[in-house]
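Student: After the structure tokens below, expect a handful of questions from me.
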Amino acid sequence: MMETSEATEKKLKLIIDKIHNLPTPPIVFTQITKVINNPNTSAYEIGAIIAEDPALTAKVLKLTNSSYYGISRTITNVKQAIVILGLEAVKSLVISASVFEAFSKNSALDREYLENFWRHSLSAAFMAKIVSRFVKRGFLQESEIAFSGGLLHDIGKLIIISHLPEEYSKIKTVMEKQPSFSEIDIESSVLQFTHSDLGSYMASKWNLPGEICFAILNHHSQEAMSVDSLAAIIHLADQLAHKNEIVDDQVIEKSNPFHEEVWEVLGLDPTNEVKMLELLRKEYTNAETFIKMAQGTG
Ligand SMILES: [Fe+2]
Ligand SMILES: [Fe+2]
């Protein structure tokens with residue numbers, strides 16, 4: 001779907017209003033997103049806001065000091081993290097820590113599903129960052145936005161599973177009976193909206209940047225890809241994440257179509273795939289801290 005039509009949005013709102021306890025971000029996260037879009041905000045101010053939430057600060061520092069970033073000395077405060085990693089990277093760490101926190105508390109979610117879900121989401125996030133570096137428009141800002149978009153691209157699924165269990169079991173039944181049907185088409189017929197619509201809606205409620213909301217909305221859309229490079233990057237990253245042999249994602253999104261023209265749209269040679277998957281495997285082995293935190297054990 002290119003964009004949510006007014007009618008779909010109304011329906012979505014109606015359903016979402018019925019969903020109680022839609023995951024909410026930490027208060028500090030809301031404060032940060034307010035100031036973060038202001039280019040004049042200093043690292044010092046952002047650091048001071050994050051520091052008001054000691055639990056979030058601890059998580060952000062844990063991720064900063066994880067082997068994923070390969071920093072040789074220990075970073076002990078957020079301001080230092082901003083100086084070393086850059087503001088955009090710290091923003092994506094705050095987003096990661098906040099969503100892990102918001103969803104790990106949900107007991108309605110099956111542990112095994114959740115584990116596979118986050119492994120896939122993290123693979124897509126790391127891969128989105130890799131792809132954005134290959135497309136050469138990959139300034140740090142874009143690769144970090146790609147990371148957050150990749151991490152959140154399927155977040156709507158967690159909301160369906162945890163808040164609309166009856167509809168989810170219908171979707172699952174049809175998927176099992178009709179393996180040739182795409183998952184998003186099945187979602188559309190059961191819910192009148194998809195996990196992309198729902199994820200994008202939640203991201204906008206969280207006040208995430210508009211480009212992330214738009215890319216989540218369009219990560220399965222063939223039409224949107226040619227006009228939105230972030231949606232294209234996430235579509236490719238999503239598909240390549242499925243090819244990552246480390247991830248056992250039988251239940252997650254195997255049945256959605258891959259729009260191969262995405263390589264051309266991004267100006268990339270498909271032979272890059274081998275190199276990209278190699279990089280993903282390398283980065284993934286350094287991402288244990290992210291995985292543990294996503295599982296609520298880190
Ligand atoms: Fe998806
Ligand atoms: Fe996905």
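If you're wondering about the labels, chains in the structure tokens are A, B, ... by order shown, residues count from 1 in each chain, ligands from 1 in order shown.
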Could you give me, as a ChimeraX atom specification, the residues within 8 Å of Ile212 of chain A, counting only C-alpha atoms and dropping anything in the same chain fewer than 3 positions from it?
Tutor: /A:145-146,148-149,200,203,208-209,215-216,230
Student: With a cut-off of 12 Å, could you pull out the residues of chain A touching ligand 1 and give me the nearest pair of atoms for each, distance in Å to one decimal, using only C-alpha atoms and all ligand atoms, ordered by chain and ascending number, as a tab-separated table?
Tutor:
residue	atom	partner	partner_atom_place_in_ligand_line	distance
A:Phe117	CA	ligand 1	1 (Fe)	10.9
A:His120	CA	ligand 1	1 (Fe)	10.5
A:Ser121	CA	ligand 1	1 (Fe)	9.7
A:Ala124	CA	ligand 1	1 (Fe)	10.4
A:Gly149	CA	ligand 1	1 (Fe)	11.3
A:Gly150	CA	ligand 1	1 (Fe)	9.9
A:Leu151	CA	ligand 1	1 (Fe)	10.9
A:Leu152	CA	ligand 1	1 (Fe)	9.4
A:His153	CA	ligand 1	1 (Fe)	6.0
A:Asp154	CA	ligand 1	1 (Fe)	4.7
A:Ile155	CA	ligand 1	1 (Fe)	8.3
A:Gly156	CA	ligand 1	1 (Fe)	8.3
A:Lys157	CA	ligand 1	1 (Fe)	8.0
A:Leu158	CA	ligand 1	1 (Fe)	11.1
A:Ser182	CA	ligand 1	1 (Fe)	10.8
A:Glu183	CA	ligand 1	1 (Fe)	8.7
A:Ile184	CA	ligand 1	1 (Fe)	7.8
A:Asp185	CA	ligand 1	1 (Fe)	11.6
A:Glu187	CA	ligand 1	1 (Fe)	11.0
A:Thr194	CA	ligand 1	1 (Fe)	8.8
A:His195	CA	ligand 1	1 (Fe)	6.7
A:Ser196	CA	ligand 1	1 (Fe)	6.3
A:Asp197	CA	ligand 1	1 (Fe)	10.0
A:Leu198	CA	ligand 1	1 (Fe)	10.7
A:Gly199	CA	ligand 1	1 (Fe)	9.2
A:Ser200	CA	ligand 1	1 (Fe)	11.0
A:Ala215	CA	ligand 1	1 (Fe)	10.7
A:Ile216	CA	ligand 1	1 (Fe)	8.1
A:Leu217	CA	ligand 1	1 (Fe)	9.1
A:Asn218	CA	ligand 1	1 (Fe)	9.0
A:His219	CA	ligand 1	1 (Fe)	6.5
A:His220	CA	ligand 1	1 (Fe)	6.4
A:Ser221	CA	ligand 1	1 (Fe)	10.0
A:Ala231	CA	ligand 1	1 (Fe)	11.1
A:Ile234	CA	ligand 1	1 (Fe)	9.5
A:His235	CA	ligand 1	1 (Fe)	8.4
A:Leu236	CA	ligand 1	1 (Fe)	11.3
A:Ala237	CA	ligand 1	1 (Fe)	11.0
A:Asp238	CA	ligand 1	1 (Fe)	7.7
A:Gln239	CA	ligand 1	1 (Fe)	9.6
A:Ala241	CA	ligand 1	1 (Fe)	11.7
A:His242	CA	ligand 1	1 (Fe)	11.3
A:Ile252	CA	ligand 1	1 (Fe)	8.5
A:Glu253	CA	ligand 1	1 (Fe)	6.4
A:Lys254	CA	ligand 1	1 (Fe)	9.6
A:Ser255	CA	ligand 1	1 (Fe)	10.0
A:Asn256	CA	ligand 1	1 (Fe)	7.7
A:Pro257	CA	ligand 1	1 (Fe)	10.2
A:Phe258	CA	ligand 1	1 (Fe)	11.0
Student: Would you mind exporting the chosen residues as a compact mmCIF listing (two decimals), in the first residue's frame, restricted to N, CA and C atoms?
Tutor:
# COMPACT_ATOMS: atom_id res chain seq x y z
N PHE A 117 11.44 -13.10 16.52
CA PHE A 117 11.04 -11.78 16.03
C PHE A 117 12.20 -10.78 16.15
N HIS A 120 15.20 -11.50 13.90
CA HIS A 120 14.93 -11.03 12.53
C HIS A 120 15.01 -9.50 12.47
N SER A 121 14.40 -8.83 13.44
CA SER A 121 14.38 -7.36 13.43
C SER A 121 15.79 -6.79 13.54
N ALA A 124 17.62 -7.31 10.33
CA ALA A 124 17.18 -6.30 9.35
C ALA A 124 17.79 -4.94 9.68
N GLY A 149 14.79 2.14 11.41
CA GLY A 149 13.70 1.67 10.54
C GLY A 149 13.71 0.16 10.41
N GLY A 150 14.91 -0.41 10.26
CA GLY A 150 15.04 -1.87 10.14
C GLY A 150 14.60 -2.56 11.42
N LEU A 151 14.99 -1.99 12.54
CA LEU A 151 14.63 -2.58 13.83
C LEU A 151 13.11 -2.61 14.02
N LEU A 152 12.45 -1.56 13.55
CA LEU A 152 11.01 -1.40 13.83
C LEU A 152 10.10 -1.82 12.68
N HIS A 153 10.67 -2.30 11.56
CA HIS A 153 9.83 -2.46 10.37
C HIS A 153 8.63 -3.37 10.59
N ASP A 154 8.78 -4.40 11.42
CA ASP A 154 7.67 -5.35 11.64
C ASP A 154 7.00 -5.18 13.00
N ILE A 155 7.23 -4.07 13.66
CA ILE A 155 6.75 -3.90 15.02
C ILE A 155 5.22 -4.06 15.12
N GLY A 156 4.53 -3.74 14.01
CA GLY A 156 3.08 -3.91 13.97
C GLY A 156 2.65 -5.34 14.27
N LYS A 157 3.52 -6.30 13.94
CA LYS A 157 3.17 -7.71 14.20
C LYS A 157 3.07 -8.01 15.68
N LEU A 158 3.97 -7.40 16.45
CA LEU A 158 3.92 -7.64 17.90
C LEU A 158 2.62 -7.08 18.47
N SER A 182 0.21 -14.14 0.24
CA SER A 182 1.19 -13.35 0.99
C SER A 182 0.58 -12.95 2.34
N GLU A 183 1.47 -12.82 3.30
CA GLU A 183 1.02 -12.50 4.65
C GLU A 183 0.28 -11.16 4.71
N ILE A 184 0.81 -10.16 3.99
CA ILE A 184 0.15 -8.84 4.06
C ILE A 184 -1.25 -8.88 3.44
N ASP A 185 -1.44 -9.70 2.38
CA ASP A 185 -2.78 -9.81 1.80
C ASP A 185 -3.73 -10.48 2.80
N GLU A 187 -3.42 -10.43 6.08
CA GLU A 187 -3.70 -9.43 7.12
C GLU A 187 -4.76 -8.44 6.66
N THR A 194 -2.68 -3.69 7.65
CA THR A 194 -1.56 -4.63 7.73
C THR A 194 -0.63 -4.28 8.89
N HIS A 195 0.35 -5.17 9.13
CA HIS A 195 1.32 -4.86 10.18
C HIS A 195 2.11 -3.60 9.83
N SER A 196 2.22 -3.29 8.53
CA SER A 196 2.92 -2.07 8.12
C SER A 196 2.14 -0.83 8.56
N ASP A 197 0.82 -0.85 8.33
CA ASP A 197 -0.02 0.29 8.76
C ASP A 197 0.07 0.47 10.27
N LEU A 198 -0.06 -0.64 10.97
CA LEU A 198 -0.10 -0.58 12.43
C LEU A 198 1.25 -0.13 13.01
N GLY A 199 2.33 -0.67 12.45
CA GLY A 199 3.67 -0.31 12.93
C GLY A 199 3.95 1.17 12.70
N SER A 200 3.55 1.64 11.53
CA SER A 200 3.78 3.04 11.20
C SER A 200 2.95 3.95 12.12
N ALA A 215 8.71 4.78 5.99
CA ALA A 215 9.39 3.57 5.52
C ALA A 215 8.77 2.32 6.13
N ILE A 216 8.35 2.39 7.39
CA ILE A 216 7.67 1.23 8.00
C ILE A 216 6.38 0.95 7.23
N LEU A 217 5.65 2.03 6.95
CA LEU A 217 4.39 1.90 6.22
C LEU A 217 4.59 1.22 4.87
N ASN A 218 5.71 1.50 4.23
CA ASN A 218 5.91 1.07 2.84
C ASN A 218 6.94 -0.03 2.63
N HIS A 219 7.31 -0.74 3.70
CA HIS A 219 8.42 -1.68 3.51
C HIS A 219 8.06 -2.90 2.65
N HIS A 220 6.76 -3.09 2.35
CA HIS A 220 6.38 -4.15 1.41
C HIS A 220 5.83 -3.60 0.09
N SER A 221 5.86 -2.28 -0.03
CA SER A 221 5.20 -1.66 -1.18
C SER A 221 6.12 -1.51 -2.38
N ALA A 231 12.46 3.25 2.38
CA ALA A 231 11.57 2.08 2.24
C ALA A 231 12.26 1.00 1.41
N ILE A 234 15.00 -0.70 3.46
CA ILE A 234 14.46 -1.62 4.46
C ILE A 234 13.85 -2.86 3.80
N HIS A 235 13.25 -2.67 2.64
CA HIS A 235 12.72 -3.84 1.91
C HIS A 235 13.85 -4.82 1.58
N LEU A 236 14.96 -4.28 1.06
CA LEU A 236 16.09 -5.14 0.71
C LEU A 236 16.70 -5.77 1.97
N ALA A 237 16.88 -4.95 3.00
CA ALA A 237 17.47 -5.45 4.24
C ALA A 237 16.62 -6.57 4.85
N ASP A 238 15.31 -6.39 4.79
CA ASP A 238 14.36 -7.38 5.30
C ASP A 238 14.57 -8.72 4.59
N GLN A 239 14.62 -8.65 3.26
CA GLN A 239 14.77 -9.88 2.48
C GLN A 239 16.13 -10.53 2.73
N ALA A 241 17.92 -10.22 5.38
CA ALA A 241 17.93 -10.74 6.76
C ALA A 241 17.36 -12.15 6.78
N HIS A 242 16.36 -12.40 5.94
CA HIS A 242 15.79 -13.76 5.87
C HIS A 242 16.80 -14.78 5.35
N ILE A 252 8.22 -16.09 10.44
CA ILE A 252 8.16 -14.65 10.24
C ILE A 252 8.36 -14.27 8.77
N GLU A 253 7.27 -13.86 8.16
CA GLU A 253 7.35 -13.16 6.89
C GLU A 253 8.01 -13.88 5.72
N LYS A 254 8.00 -15.19 5.75
CA LYS A 254 8.57 -15.89 4.60
C LYS A 254 7.70 -15.66 3.36
N SER A 255 6.43 -15.37 3.59
CA SER A 255 5.50 -15.42 2.47
C SER A 255 5.20 -14.06 1.84
N ASN A 256 5.99 -13.05 2.15
CA ASN A 256 5.77 -11.77 1.48
C ASN A 256 6.70 -11.63 0.29
N PRO A 257 6.20 -11.04 -0.81
CA PRO A 257 7.00 -11.02 -2.03
C PRO A 257 8.24 -10.13 -1.95
N PHE A 258 9.28 -10.57 -2.66
CA PHE A 258 10.50 -9.77 -2.79
C PHE A 258 10.44 -9.05 -4.14
Student: Name the residues in contact with segment 288-298 of chain A at a cut-off of 7 Å, using only C-alpha atoms, excluding same-chain residues fewer than 4 positions from it; report them as a PyMOL selection string.
Tutor: chain A and resi 63+66+100+104+115+118-119
Student: Kindly save the residues from that selection, with N, CA and C atoms included, as a PDB file, in the first residue's frame.
Tutor:
ATOM      1  N   LEU A  63      24.748  -0.859  25.567  1.00  0.00           N
ATOM      2  CA  LEU A  63      24.801  -1.060  24.110  1.00  0.00           C
ATOM      3  C   LEU A  63      26.015  -0.350  23.511  1.00  0.00           C
ATOM      4  N   SER A  66      29.046  -2.334  24.008  1.00  0.00           N
ATOM      5  CA  SER A  66      29.009  -3.709  23.492  1.00  0.00           C
ATOM      6  C   SER A  66      30.028  -3.859  22.362  1.00  0.00           C
ATOM      7  N   PHE A 100      12.735  -2.202  23.222  1.00  0.00           N
ATOM      8  CA  PHE A 100      12.988  -3.477  23.914  1.00  0.00           C
ATOM      9  C   PHE A 100      12.274  -3.462  25.257  1.00  0.00           C
ATOM     10  N   SER A 104       9.347  -6.069  26.081  1.00  0.00           N
ATOM     11  CA  SER A 104       9.815  -7.247  26.825  1.00  0.00           C
ATOM     12  C   SER A 104       8.929  -7.529  28.030  1.00  0.00           C
ATOM     13  N   GLU A 115      11.685 -14.200  20.531  1.00  0.00           N
ATOM     14  CA  GLU A 115      13.110 -14.355  20.269  1.00  0.00           C
ATOM     15  C   GLU A 115      13.387 -14.321  18.758  1.00  0.00           C
ATOM     16  N   TRP A 118      12.797 -10.719  17.362  1.00  0.00           N
ATOM     17  CA  TRP A 118      13.864  -9.746  17.563  1.00  0.00           C
ATOM     18  C   TRP A 118      15.128 -10.102  16.804  1.00  0.00           C
ATOM     19  N   ARG A 119      15.384 -11.399  16.672  1.00  0.00           N
ATOM     20  CA  ARG A 119      16.562 -11.788  15.887  1.00  0.00           C
ATOM     21  C   ARG A 119      16.405 -11.314  14.442  1.00  0.00           C
TER      22      ARG A 119
END
Student: Which residue is closest to ligand 2? Choose from A:Ser226, A:Gln80, A:Ser92, A:Ser123 and count only C-alpha atoms and all ligand atoms.
Tutor: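 Distance minimum relative to ligand 2 lands on A:Ser123.
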